[in-house]
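Dropping structure_25.pdb in here (PDB, C-alpha atoms):
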ATOM      1  CA  MET Q   8     106.178  91.641 179.072
ATOM      2  CA  GLY Q   9     103.438  90.614 181.468
ATOM      3  CA  SER Q  10     103.219  94.099 182.983
ATOM      4  CA  SER Q  11     102.909  95.812 179.605
ATOM      5  CA  CYS Q  12     100.144  93.403 178.537
ATOM      6  CA  ILE Q  13      98.198  94.054 181.738
ATOM      7  CA  LEU Q  14      98.571  97.817 181.189
ATOM      8  CA  SER Q  15      97.208  97.426 177.651
ATOM      9  CA  ILE Q  16      94.188  95.559 179.022
ATOM     10  CA  LEU Q  17      93.453  98.331 181.524
ATOM     11  CA  LEU Q  18      93.732 101.029 178.862
ATOM     12  CA  LEU Q  19      91.533  99.078 176.466
ATOM     13  CA  THR Q  20      88.888  98.501 179.134
ATOM     14  CA  SER Q  21      88.879 102.218 179.960
ATOM     15  CA  PHE Q  22      88.431 103.032 176.283
ATOM     16  CA  ILE Q  23      85.452 100.677 176.003
ATOM     17  CA  ASN Q  24      83.798 102.208 179.077
ATOM     18  CA  LEU Q  25      84.269 105.715 177.689
ATOM     19  CA  GLY Q  26      82.539 104.638 174.495
ATOM     20  CA  PHE Q  27      79.382 103.809 176.436
ATOM     21  CA  SER Q  28      79.287 107.058 178.429
ATOM     22  CA  ALA Q  29      80.396 109.714 175.947
ATOM     23  CA  ASP Q  30      77.165 110.236 174.005
ATOM     24  CA  TYR Q  31      74.674 111.580 176.548
ATOM     25  CA  THR Q  32      77.219 113.840 178.267
ATOM     26  CA  SER Q  33      78.648 115.400 175.087
ATOM     27  CA  LEU Q  34      77.955 119.075 174.346
ATOM     28  CA  VAL Q  35      75.290 119.778 171.731
ATOM     29  CA  TYR Q  36      75.197 123.573 172.019
ATOM     30  CA  LYS Q  37      75.465 126.440 174.481
ATOM     31  CA  GLY Q  38      73.729 129.798 174.692
ATOM     32  CA  CYS Q  39      75.263 132.658 176.680
ATOM     33  CA  ALA Q  40      73.709 136.103 177.174
ATOM     34  CA  ASP Q  41      75.868 139.053 176.103
ATOM     35  CA  GLN Q  42      75.212 140.829 179.398
ATOM     36  CA  LYS Q  43      77.514 140.038 182.311
ATOM     37  CA  PHE Q  44      76.519 140.310 185.950
ATOM     38  CA  GLN Q  45      78.117 142.927 188.187
ATOM     39  CA  ASP Q  46      78.830 141.369 191.560
ATOM     40  CA  PRO Q  47      80.763 143.679 193.900
ATOM     41  CA  THR Q  48      79.265 142.070 197.037
ATOM     42  CA  GLY Q  49      79.418 138.460 195.844
ATOM     43  CA  ASP Q  50      75.667 137.959 196.364
ATOM     44  CA  TYR Q  51      75.085 136.878 192.774
ATOM     45  CA  SER Q  52      77.913 134.334 192.873
ATOM     46  CA  ARG Q  53      76.560 132.819 196.076
ATOM     47  CA  SER Q  54      73.046 132.622 194.646
ATOM     48  CA  LEU Q  55      74.336 130.903 191.528
ATOM     49  CA  GLU Q  56      76.420 128.388 193.455
ATOM     50  CA  ASN Q  57      73.478 127.545 195.723
ATOM     51  CA  LEU Q  58      71.213 127.126 192.705
ATOM     52  CA  LEU Q  59      73.627 124.822 190.884
ATOM     53  CA  ASP Q  60      74.182 122.741 194.005
ATOM     54  CA  THR Q  61      70.422 122.352 194.439
ATOM     55  CA  LEU Q  62      69.854 121.345 190.818
ATOM     56  CA  THR Q  63      72.656 118.797 190.687
ATOM     57  CA  SER Q  64      71.606 117.184 193.958
ATOM     58  CA  ARG Q  65      67.980 116.902 192.789
ATOM     59  CA  SER Q  66      69.047 115.218 189.539
ATOM     60  CA  SER Q  67      69.670 111.954 191.392
ATOM     61  CA  SER Q  68      65.959 111.559 192.148
ATOM     62  CA  THR Q  69      64.057 113.369 189.384
ATOM     63  CA  LYS Q  70      64.445 114.220 185.697
ATOM     64  CA  PHE Q  71      63.118 117.780 185.929
ATOM     65  CA  TYR Q  72      63.490 120.381 188.622
ATOM     66  CA  LYS Q  73      63.115 124.154 188.774
ATOM     67  CA  ALA Q  74      64.286 126.430 191.578
ATOM     68  CA  THR Q  75      65.121 130.021 192.527
ATOM     69  CA  SER Q  76      68.045 131.087 194.674
ATOM     70  CA  GLY Q  77      68.692 134.490 196.231
ATOM     71  CA  GLN Q  78      66.476 137.533 196.614
ATOM     72  CA  GLY Q  79      65.907 140.815 194.850
ATOM     73  CA  GLN Q  80      68.448 141.747 192.211
ATOM     74  CA  SER Q  81      70.653 138.771 193.074
ATOM     75  CA  ALA Q  82      67.868 136.195 192.544
ATOM     76  CA  ILE Q  83      68.496 133.552 189.892
ATOM     77  CA  THR Q  84      65.976 131.052 188.523
ATOM     78  CA  GLY Q  85      67.136 127.860 186.874
ATOM     79  CA  LEU Q  86      66.150 124.342 185.931
ATOM     80  CA  PHE Q  87      67.447 121.103 184.497
ATOM     81  CA  GLN Q  88      65.771 118.411 182.480
ATOM     82  CA  CYS Q  89      66.975 114.954 181.476
ATOM     83  CA  ARG Q  90      65.846 112.982 178.475
ATOM     84  CA  GLY Q  91      62.922 110.780 179.403
ATOM     85  CA  ASP Q  92      64.690 107.500 178.649
ATOM     86  CA  LEU Q  93      67.752 108.147 180.823
ATOM     87  CA  SER Q  94      68.200 106.214 184.043
ATOM     88  CA  SER Q  95      68.423 108.130 187.333
ATOM     89  CA  ASN Q  96      72.153 107.494 187.494
ATOM     90  CA  ASP Q  97      72.761 108.666 183.930
ATOM     91  CA  CYS Q  98      70.590 111.734 184.536
ATOM     92  CA  ASN Q  99      72.626 112.635 187.607
ATOM     93  CA  ASN Q 100      75.917 112.106 185.750
ATOM     94  CA  CYS Q 101      74.714 114.276 182.884
ATOM     95  CA  VAL Q 102      73.484 117.168 185.036
ATOM     96  CA  LYS Q 103      76.638 117.129 187.172
ATOM     97  CA  ARG Q 104      78.642 118.036 184.068
ATOM     98  CA  THR Q 105      76.605 121.121 183.215
ATOM     99  CA  PRO Q 106      77.813 123.594 185.898
ATOM    100  CA  ASP Q 107      81.440 123.194 184.839
ATOM    101  CA  VAL Q 108      80.517 123.524 181.166
ATOM    102  CA  SER Q 109      78.448 126.655 181.832
ATOM    103  CA  ARG Q 110      81.253 128.312 183.816
ATOM    104  CA  ARG Q 111      83.873 127.431 181.236
ATOM    105  CA  LEU Q 112      81.877 128.501 178.175
ATOM    106  CA  CYS Q 113      79.711 131.340 179.488
ATOM    107  CA  GLY Q 114      81.603 132.752 182.468
ATOM    108  CA  ASN Q 115      79.505 135.330 184.319
ATOM    109  CA  ALA Q 116      76.729 135.721 181.731
ATOM    110  CA  ILE Q 117      73.410 136.632 183.350
ATOM    111  CA  ALA Q 118      71.564 133.953 181.362
ATOM    112  CA  VAL Q 119      72.913 130.571 180.248
ATOM    113  CA  ARG Q 120      71.659 127.443 178.543
ATOM    114  CA  VAL Q 121      73.817 124.338 178.155
ATOM    115  CA  GLN Q 122      72.455 121.404 176.152
ATOM    116  CA  LEU Q 123      74.196 118.043 176.433
ATOM    117  CA  GLY Q 124      73.147 114.875 174.648
ATOM    118  CA  GLY Q 125      70.984 113.654 177.499
ATOM    119  CA  CYS Q 126      70.101 116.753 179.532
ATOM    120  CA  TYR Q 127      70.129 120.518 179.642
ATOM    121  CA  LEU Q 128      70.567 123.234 182.226
ATOM    122  CA  ARG Q 129      69.381 126.813 181.978
ATOM    123  CA  TYR Q 130      69.306 129.738 184.356
ATOM    124  CA  GLU Q 131      68.755 133.474 184.184
ATOM    125  CA  ALA Q 132      69.021 136.447 186.505
ATOM    126  CA  SER Q 133      65.919 138.154 187.856
ATOM    127  CA  GLY Q 134      64.300 140.382 185.223
ATOM    128  CA  PHE Q 135      65.981 138.791 182.229
ATOM    129  CA  ARG Q 136      63.723 138.891 179.165
ATOM    130  CA  GLN Q 137      61.997 135.566 178.499
ATOM    131  CA  VAL Q 138      61.623 134.284 174.940
ATOM    132  CA  SER Q 139      58.688 132.428 173.415
ATOM    133  CA  ALA Q 140      58.285 128.729 174.147
ATOM    134  CA  THR Q 141      58.601 128.055 170.420
ATOM    135  CA  GLU Q 142      61.658 130.252 169.794
ATOM    136  CA  LEU Q 143      64.216 128.356 167.687
ATOM    137  CA  LEU Q 144      67.450 128.013 169.667
ATOM    138  CA  PHE Q 145      69.475 125.501 167.691
ATOM    139  CA  LYS Q 146      69.185 123.038 164.822
ATOM    140  CA  ILE Q 147      71.212 120.155 163.419
ATOM    141  CA  CYS Q 148      70.368 118.993 159.892
ATOM    142  CA  GLY Q 149      71.847 115.741 158.652
ATOM    143  CA  SER Q 150      74.011 116.151 155.564
ATOM    144  CA  THR Q 151      72.597 113.046 153.850
ATOM    145  CA  GLN Q 152      69.560 113.755 151.702
ATOM    146  CA  ALA Q 153      66.699 111.328 151.133
ATOM    147  CA  SER Q 154      66.309 109.975 147.613
ATOM    148  CA  GLY Q 155      63.280 108.451 145.963
ATOM    149  CA  SER Q 156      59.603 109.035 146.616
ATOM    150  CA  GLY Q 157      57.661 108.498 149.798
ATOM    151  CA  PHE Q 158      60.108 109.970 152.318
ATOM    152  CA  GLN Q 159      58.125 113.133 153.054
ATOM    153  CA  ASP Q 160      54.908 111.190 153.621
ATOM    154  CA  ARG Q 161      56.691 108.867 156.041
ATOM    155  CA  LEU Q 162      58.316 111.796 157.813
ATOM    156  CA  ASP Q 163      55.014 113.686 158.149
ATOM    157  CA  ALA Q 164      53.324 110.629 159.651
ATOM    158  CA  ALA Q 165      56.172 109.923 162.077
ATOM    159  CA  LEU Q 166      56.450 113.540 163.254
ATOM    160  CA  GLY Q 167      52.678 113.645 163.685
ATOM    161  CA  GLU Q 168      52.961 110.865 166.233
ATOM    162  CA  ILE Q 169      55.080 113.059 168.533
ATOM    163  CA  GLY Q 170      52.247 115.513 169.165
ATOM    164  CA  LYS Q 171      49.922 112.647 170.090
ATOM    165  CA  GLY Q 172      52.553 110.798 172.095
ATOM    166  CA  VAL Q 173      53.721 113.600 174.393
ATOM    167  CA  GLY Q 174      50.147 114.148 175.508
ATOM    168  CA  SER Q 175      49.233 110.521 176.093
ATOM    169  CA  SER Q 176      52.520 109.652 177.830
ATOM    170  CA  GLY Q 177      51.707 111.913 180.778
ATOM    171  CA  ASN Q 178      55.305 113.074 181.131
ATOM    172  CA  GLY Q 179      55.839 115.094 177.968
ATOM    173  CA  PHE Q 180      58.214 112.557 176.423
ATOM    174  CA  TYR Q 181      57.718 110.310 173.406
ATOM    175  CA  THR Q 182      59.825 108.057 171.225
ATOM    176  CA  GLY Q 183      58.555 105.836 168.446
ATOM    177  CA  GLY Q 184      58.486 105.479 164.701
ATOM    178  CA  TYR Q 185      56.653 104.936 161.462
ATOM    179  CA  GLN Q 186      58.016 102.989 158.472
ATOM    180  CA  SER Q 187      61.721 103.371 159.281
ATOM    181  CA  VAL Q 188      61.469 106.985 160.509
ATOM    182  CA  TYR Q 189      62.190 107.101 164.235
ATOM    183  CA  VAL Q 190      61.328 110.176 166.243
ATOM    184  CA  LEU Q 191      61.835 111.589 169.722
ATOM    185  CA  GLY Q 192      60.169 114.560 171.348
ATOM    186  CA  GLN Q 193      60.180 116.118 174.803
ATOM    187  CA  CYS Q 194      58.764 119.204 176.485
ATOM    188  CA  GLU Q 195      59.990 121.118 179.495
ATOM    189  CA  GLY Q 196      58.644 119.475 182.624
ATOM    190  CA  ASP Q 197      56.172 122.167 183.724
ATOM    191  CA  LEU Q 198      54.634 122.792 180.305
ATOM    192  CA  ALA Q 199      50.908 122.010 180.200
ATOM    193  CA  SER Q 200      49.828 119.075 178.037
ATOM    194  CA  GLY Q 201      48.132 121.185 175.361
ATOM    195  CA  ASP Q 202      51.017 123.661 175.221
ATOM    196  CA  CYS Q 203      53.450 120.758 174.991
ATOM    197  CA  ALA Q 204      51.617 119.295 171.988
ATOM    198  CA  ASP Q 205      51.600 122.718 170.307
ATOM    199  CA  CYS Q 206      55.318 123.157 170.986
ATOM    200  CA  VAL Q 207      56.411 119.830 169.467
ATOM    201  CA  LYS Q 208      54.136 120.431 166.485
ATOM    202  CA  ALA Q 209      55.908 123.753 165.944
ATOM    203  CA  ALA Q 210      59.264 121.998 166.286
ATOM    204  CA  SER Q 211      58.188 119.346 163.781
ATOM    205  CA  GLN Q 212      57.240 122.025 161.277
ATOM    206  CA  ARG Q 213      60.598 123.701 161.784
ATOM    207  CA  ALA Q 214      62.331 120.370 161.185
ATOM    208  CA  LYS Q 215      60.662 120.049 157.795
ATOM    209  CA  SER Q 216      61.286 123.659 156.796
ATOM    210  CA  GLU Q 217      64.818 124.030 158.213
ATOM    211  CA  CYS Q 218      66.089 120.595 157.142
ATOM    212  CA  PRO Q 219      64.219 119.724 153.915
ATOM    213  CA  ALA Q 220      65.007 116.211 152.648
ATOM    214  CA  SER Q 221      67.593 115.556 155.406
ATOM    215  CA  ILE Q 222      67.312 111.991 156.674
ATOM    216  CA  SER Q 223      68.013 113.191 160.227
ATOM    217  CA  ALA Q 224      67.460 116.381 162.188
ATOM    218  CA  GLN Q 225      67.405 117.832 165.686
ATOM    219  CA  ILE Q 226      65.361 120.948 166.453
ATOM    220  CA  TYR Q 227      65.654 122.713 169.811
ATOM    221  CA  LEU Q 228      63.039 125.280 170.785
ATOM    222  CA  GLN Q 229      62.928 127.144 174.083
ATOM    223  CA  GLN Q 230      60.612 124.672 175.814
ATOM    224  CA  CYS Q 231      60.703 121.526 173.678
ATOM    225  CA  TYR Q 232      62.728 119.667 171.101
ATOM    226  CA  VAL Q 233      62.261 116.965 168.483
ATOM    227  CA  SER Q 234      64.595 114.746 166.507
ATOM    228  CA  TYR Q 235      64.175 112.175 163.783
ATOM    229  CA  THR Q 236      66.290 109.623 161.935
ATOM    230  CA  TYR Q 237      65.340 107.787 158.759
ATOM    231  CA  TYR Q 238      66.943 104.415 157.999
ATOM    232  CA  PRO Q 239      66.592 103.980 154.216
ATOM    233  CA  ASN Q 240      68.626 100.758 154.148
ATOM    234  CA  GLY Q 241      66.684  98.948 156.831
ATOM    235  CA  VAL Q 242      65.962  99.315 160.500
ATOM    236  CA  PRO Q 243      68.490  98.122 163.118
ATOM    237  CA  PRO Q 244      67.146  95.345 165.411
ATOM    238  CA  ARG Q 245      64.813  96.557 168.146
ATOM    239  CA  SER Q 246      66.902  94.675 170.693
ATOM    240  CA  LEU Q 247      69.764  97.134 170.102
ATOM    241  CA  SER Q 248      67.634 100.191 170.829
ATOM    242  CA  SER Q 249      68.990 102.758 173.282
ATOM    243  CA  SER Q 250      65.491 103.830 174.265
ATOM    244  CA  GLY Q 251      64.309 102.965 177.736
ATOM    245  CA  SER Q 252      60.650 103.289 176.814
ATOM    246  CA  GLY Q 253      60.330 100.063 174.877
ATOM    247  CA  GLY Q 254      60.390 101.654 171.420
ATOM    248  CA  THR Q 255      63.278 101.926 169.032
ATOM    249  CA  GLY Q 256      64.783 105.337 169.642
ATOM    250  CA  PRO Q 257      66.512 107.713 167.236
ATOM    251  CA  ASN Q 258      69.937 106.899 168.684
ATOM    252  CA  THR Q 259      69.759 103.273 167.559
ATOM    253  CA  GLN Q 260      72.384 103.720 164.857
ATOM    254  CA  LYS Q 261      74.891 104.984 167.426
ATOM    255  CA  THR Q 262      73.937 102.157 169.774
ATOM    256  CA  VAL Q 263      74.715  99.580 167.099
ATOM    257  CA  ALA Q 264      78.178 101.076 166.630
ATOM    258  CA  ILE Q 265      78.813 101.128 170.381
ATOM    259  CA  VAL Q 266      77.649  97.530 170.863
ATOM    260  CA  LEU Q 267      79.792  96.313 167.984
ATOM    261  CA  GLY Q 268      82.746  98.325 169.240
ATOM    262  CA  GLY Q 269      82.313  96.844 172.717
ATOM    263  CA  THR Q 270      82.155  93.334 171.258
ATOM    264  CA  VAL Q 271      85.347  93.892 169.308
ATOM    265  CA  GLY Q 272      86.966  95.342 172.434
ATOM    266  CA  VAL Q 273      86.036  92.292 174.507
ATOM    267  CA  GLY Q 274      87.471  90.089 171.794
ATOM    268  CA  LEU Q 275      90.736  92.025 171.903
ATOM    269  CA  VAL Q 276      90.859  91.706 175.693
ATOM    270  CA  ILE Q 277      90.409  87.941 175.404
ATOM    271  CA  ALA Q 278      93.131  87.801 172.743
ATOM    272  CA  VAL Q 279      95.556  89.779 174.910
ATOM    273  CA  LEU Q 280      94.795  87.578 177.909
ATOM    274  CA  SER Q 281      95.511  84.519 175.793
ATOM    275  CA  VAL Q 282      98.901  85.970 174.875
ATOM    276  CA  VAL Q 283      99.640  86.686 178.545
ATOM    277  CA  ARG Q 284      98.691  83.149 179.595
ATOM    278  CA  SER Q 285     100.767  81.624 176.804
ATOM    279  CA  ALA Q 286     103.806  83.697 177.791
ATOM    280  CA  LEU Q 287     103.469  82.758 181.451
ATOM    281  CA  ASN Q 288     103.056  79.074 180.640
ATOM    282  CA  LYS Q 289     106.277  79.175 178.661
ATOM    283  CA  LYS Q 290     108.094  80.619 181.682
ATOM    284  CA  GLY Q 291     106.715  77.950 183.997
ATOM    285  CA  ARG Q 292     104.592  78.573 187.096
ATOM    286  CA  PRO Q 293     102.723  81.952 186.849
ATOM    287  CA  LYS Q 294     103.248  84.575 189.494
ATOM    288  CA  TYR Q 295      99.469  84.908 190.087
ATOM    289  CA  THR Q 296      97.215  81.870 190.088
ATOM    290  CA  GLY Q 297      93.510  81.650 189.341
ATOM    291  CA  ASP Q 298      91.272  82.077 186.283
ATOM    292  CA  TYR Q 299      91.362  85.200 184.149
TER     293      TYR Q 299
END
As structure tokens, what does this structure read like?
Amino acid sequence: MGSSCILSILLLTSFINLGFSADYTSLVYKGCADQKFQDPTGDYSRSLENLLDTLTSRSSSTKFYKATSGQGQSAITGLFQCRGDLSSNDCNNCVKRTPDVSRRLCGNAIAVRVQLGGCYLRYEASGFRQVSATELLFKICGSTQASGSGFQDRLDAALGEIGKGVGSSGNGFYTGGYQSVYVLGQCEGDLASGDCADCVKAASQRAKSECPASISAQIYLQQCYVSYTYYPNGVPPRSLSSSGSGGTGPNTQKTVAIVLGGTVGVGLVIAVLSVVRSALNKKGRPKYTGDY
């Protein structure tokens, strides 16, 4: 009985830990070019492997990095970017997942983009056609619709803060809110400040036109993205925010669920341990001494 209880504790603890790590490494979307590379000499494969190794190693010390590997027709340019509120360790963990995802989902496509919850990776072969910075790549519109008056005014004001915030932050990242509408915006790391502001403004406009009346949305353009969440029934406590910038971020609702789930899990662990201790006390002297 003791062994089975201990096994249950280990499985439960593993489940709790997975709950904390699953969000920022989960797949949001992928984009794979139709064209496949021809690689009779293996030069392209070597260039790609070198590029991915470089990007993943750099992700432990920076949140944005761009590089080129190979020469001539086998040259490949790529980059990664992590969300501005991720820690260095979380950024590295996120980026390390992207090469495997890109290989599994896109194979030998000559251009790839993989967007996870907390980071993205993209690369393309030399000469591949570039798209506009404000090209719409992907959107997620919340299924719940806002009711009552005043939502659009609140949303307009909150989205307007992103354009101001990405410029004043100095790093192209902003999270904040206005009257229960919480927003997040980020630009690709080498985008100039003015171009960044223009990009997130374009994304904000797309959010309103693509997701009218939705209380949440995510809009991904080629070189920036924005998201918003409206809490019509009240704002979760600031202390439970997942944002590392001091504001209450748009993932707060998920954070509340994770924190509550972790609390329940800890309670279950304590309950199981109490059962184990009770069973051992009934048998007499426990096999292992010391506090649990």
* List, as a ChimeraX atom specification, every residue that the PyMOL selection byres ((chain Q and resi 149-155) around 10) selects in the file provided. => /Q:146-148,156-159,218-225,235-239
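Computed from the coordinates, the CA of Ser54 (chain Q) to CA of Cys194 (chain Q) distance equals 26.7 Å.
The residues returned by the PyMOL selection byres ((chain Q and resi 233) around 10) on the shown structure are Q:Lys146, Q:Leu166, Q:Ile169, Q:Phe180, Q:Tyr181, Q:Thr182, Q:Val190, Q:Leu191, Q:Gly192, Q:Gln193, Q:Cys194, Q:Cys206, Q:Val207, Q:Lys208, Q:Ala209, Q:Ala210, Q:Ser211, Q:Arg213, Q:Ala214, Q:Ala224, Q:Gln225, Q:Ile226, Q:Tyr227, Q:Leu228, Q:Cys231, Q:Tyr232, Q:Ser234, Q:Tyr235.
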Could you write those residues out with C-alpha atoms, as a compact mmCIF listing (two decimals), keeping the file's coordinate frame?
# COMPACT_ATOMS: atom_id res chain seq x y z
CA LYS Q 146 69.18 123.04 164.82
CA LEU Q 166 56.45 113.54 163.25
CA ILE Q 169 55.08 113.06 168.53
CA PHE Q 180 58.21 112.56 176.42
CA TYR Q 181 57.72 110.31 173.41
CA THR Q 182 59.82 108.06 171.22
CA VAL Q 190 61.33 110.18 166.24
CA LEU Q 191 61.84 111.59 169.72
CA GLY Q 192 60.17 114.56 171.35
CA GLN Q 193 60.18 116.12 174.80
CA CYS Q 194 58.76 119.20 176.48
CA CYS Q 206 55.32 123.16 170.99
CA VAL Q 207 56.41 119.83 169.47
CA LYS Q 208 54.14 120.43 166.48
CA ALA Q 209 55.91 123.75 165.94
CA ALA Q 210 59.26 122.00 166.29
CA SER Q 211 58.19 119.35 163.78
CA ARG Q 213 60.60 123.70 161.78
CA ALA Q 214 62.33 120.37 161.18
CA ALA Q 224 67.46 116.38 162.19
CA GLN Q 225 67.40 117.83 165.69
CA ILE Q 226 65.36 120.95 166.45
CA TYR Q 227 65.65 122.71 169.81
CA LEU Q 228 63.04 125.28 170.78
CA CYS Q 231 60.70 121.53 173.68
CA TYR Q 232 62.73 119.67 171.10
CA SER Q 234 64.60 114.75 166.51
CA TYR Q 235 64.18 112.18 163.78
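Selection result for the displayed file, with the PyMOL selection byres ((chain Q and resi 110-114) around 10) as criterion, is Lys37, Gly38, Cys39, Ala40, Asp41, Lys43, Phe44, Thr105, Pro106, Asp107, Val108, Ser109, Asn115, Ala116, Ile117, Ala118, Val119, Arg120 and Val121 of chain Q.
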Using C-alpha atoms, can you export the residues from the last selection as a CSV table (one decimal), in the frame of the given file?
chain,number,residue,atom,x,y,z
Q,37,LYS,CA,75.5,126.4,174.5
Q,38,GLY,CA,73.7,129.8,174.7
Q,39,CYS,CA,75.3,132.7,176.7
Q,40,ALA,CA,73.7,136.1,177.2
Q,41,ASP,CA,75.9,139.1,176.1
Q,43,LYS,CA,77.5,140.0,182.3
Q,44,PHE,CA,76.5,140.3,186.0
Q,105,THR,CA,76.6,121.1,183.2
Q,106,PRO,CA,77.8,123.6,185.9
Q,107,ASP,CA,81.4,123.2,184.8
Q,108,VAL,CA,80.5,123.5,181.2
Q,109,SER,CA,78.4,126.7,181.8
Q,115,ASN,CA,79.5,135.3,184.3
Q,116,ALA,CA,76.7,135.7,181.7
Q,117,ILE,CA,73.4,136.6,183.4
Q,118,ALA,CA,71.6,134.0,181.4
Q,119,VAL,CA,72.9,130.6,180.2
Q,120,ARG,CA,71.7,127.4,178.5
Q,121,VAL,CA,73.8,124.3,178.2
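For the pair CA of Gly196 (chain Q) and CA of Gln42 (chain Q), the separation is 27.2 Å.
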Around all listed atoms of region 137-142 of chain Q, padded 6 Å per side, what centre and edge lengths does the axis-aligned box have in Å to one decimal, as lines of an AutoDock Vina configuration file?
center_x = 60.1
center_y = 131.8
center_z = 174.1
size_x = 15.7
size_y = 19.5
size_z = 20.7
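With distances restricted to only C-alpha atoms, Q:Ser200 is the closest residue to Gly172 (chain Q) from Q:Phe145, Q:Gly124, Q:Ala82, Q:Ser200.
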* **d(CA of Ser66 (chain Q), CA of Cys126 (chain Q)) in Å** => 10.2 Å
* To do: Choose the residue, out of Q:Cys203, Q:Leu144, Q:Ala164, Q:Val173, that has the smallest atom-to-atom separation from Gln229 (chain Q); count all atoms listed in the file.
  => Q:Leu144
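With distances restricted to only C-alpha atoms, Q:Thr69 is the closest residue to Ser95 (chain Q) from Q:Ser81, Q:Thr69, Q:Thr141, Q:Gln212.
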* Using all atoms listed in the file, which residue out of Q:Tyr185, Q:Tyr36, Q:Phe71, Q:Tyr31 lies closest to Arg104 (chain Q)? -> Q:Tyr31
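Proximity ranking of Q:Thr84, Q:Thr61, Q:Asn240, Q:Thr32 relative to Ser133 (chain Q) places Q:Thr84 first, based on all atoms listed in the file.
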* Structure fact -> Restricting to all atoms listed in the file, whichever of Q:Val138, Q:Leu198, Q:Leu34, Q:Val102 is closest to Thr63 (chain Q) is Q:Val102
* List as a PyMOL selection string: which residues have an atom within 12 Å of (74.1, 126.4, 192.8), counting all atoms listed in the file? -> chain Q and resi 51-65+73-77+82-87+103+105-107+109-110+128-130
Got a sec to write region 94-107 of chain Q of the block to a file, N, CA and C atoms, as a compact mmCIF listing (two decimals), in the first residue's frame?
# COMPACT_ATOMS: atom_id res chain seq x y z
N SER Q 94 11.04 34.60 -18.80
CA SER Q 94 12.38 34.56 -18.21
C SER Q 94 13.35 33.96 -19.22
N SER Q 95 14.65 34.12 -18.98
CA SER Q 95 15.66 33.54 -19.88
C SER Q 95 15.53 32.03 -19.98
N ASN Q 96 15.25 31.39 -18.85
CA ASN Q 96 15.12 29.94 -18.84
C ASN Q 96 13.89 29.48 -19.63
N ASP Q 97 12.77 30.19 -19.43
CA ASP Q 97 11.56 29.83 -20.17
C ASP Q 97 11.71 30.10 -21.66
N CYS Q 98 12.40 31.18 -22.00
CA CYS Q 98 12.68 31.49 -23.40
C CYS Q 98 13.47 30.36 -24.04
N ASN Q 99 14.53 29.94 -23.37
CA ASN Q 99 15.37 28.86 -23.88
C ASN Q 99 14.56 27.56 -24.04
N ASN Q 100 13.75 27.23 -23.05
CA ASN Q 100 12.92 26.03 -23.12
C ASN Q 100 11.93 26.09 -24.28
N CYS Q 101 11.38 27.27 -24.51
CA CYS Q 101 10.42 27.45 -25.59
C CYS Q 101 11.10 27.28 -26.95
N VAL Q 102 12.20 27.99 -27.15
CA VAL Q 102 12.88 27.94 -28.45
C VAL Q 102 13.42 26.54 -28.75
N LYS Q 103 13.88 25.83 -27.73
CA LYS Q 103 14.41 24.49 -27.94
C LYS Q 103 13.37 23.52 -28.49
N ARG Q 104 12.10 23.83 -28.29
CA ARG Q 104 11.04 22.96 -28.82
C ARG Q 104 10.77 23.19 -30.30
N THR Q 105 11.12 24.37 -30.80
CA THR Q 105 10.70 24.74 -32.16
C THR Q 105 11.37 23.94 -33.28
N PRO Q 106 12.65 23.59 -33.20
CA PRO Q 106 13.23 22.81 -34.31
C PRO Q 106 12.52 21.47 -34.53
N ASP Q 107 12.20 20.77 -33.45
CA ASP Q 107 11.51 19.49 -33.59
C ASP Q 107 10.12 19.68 -34.18
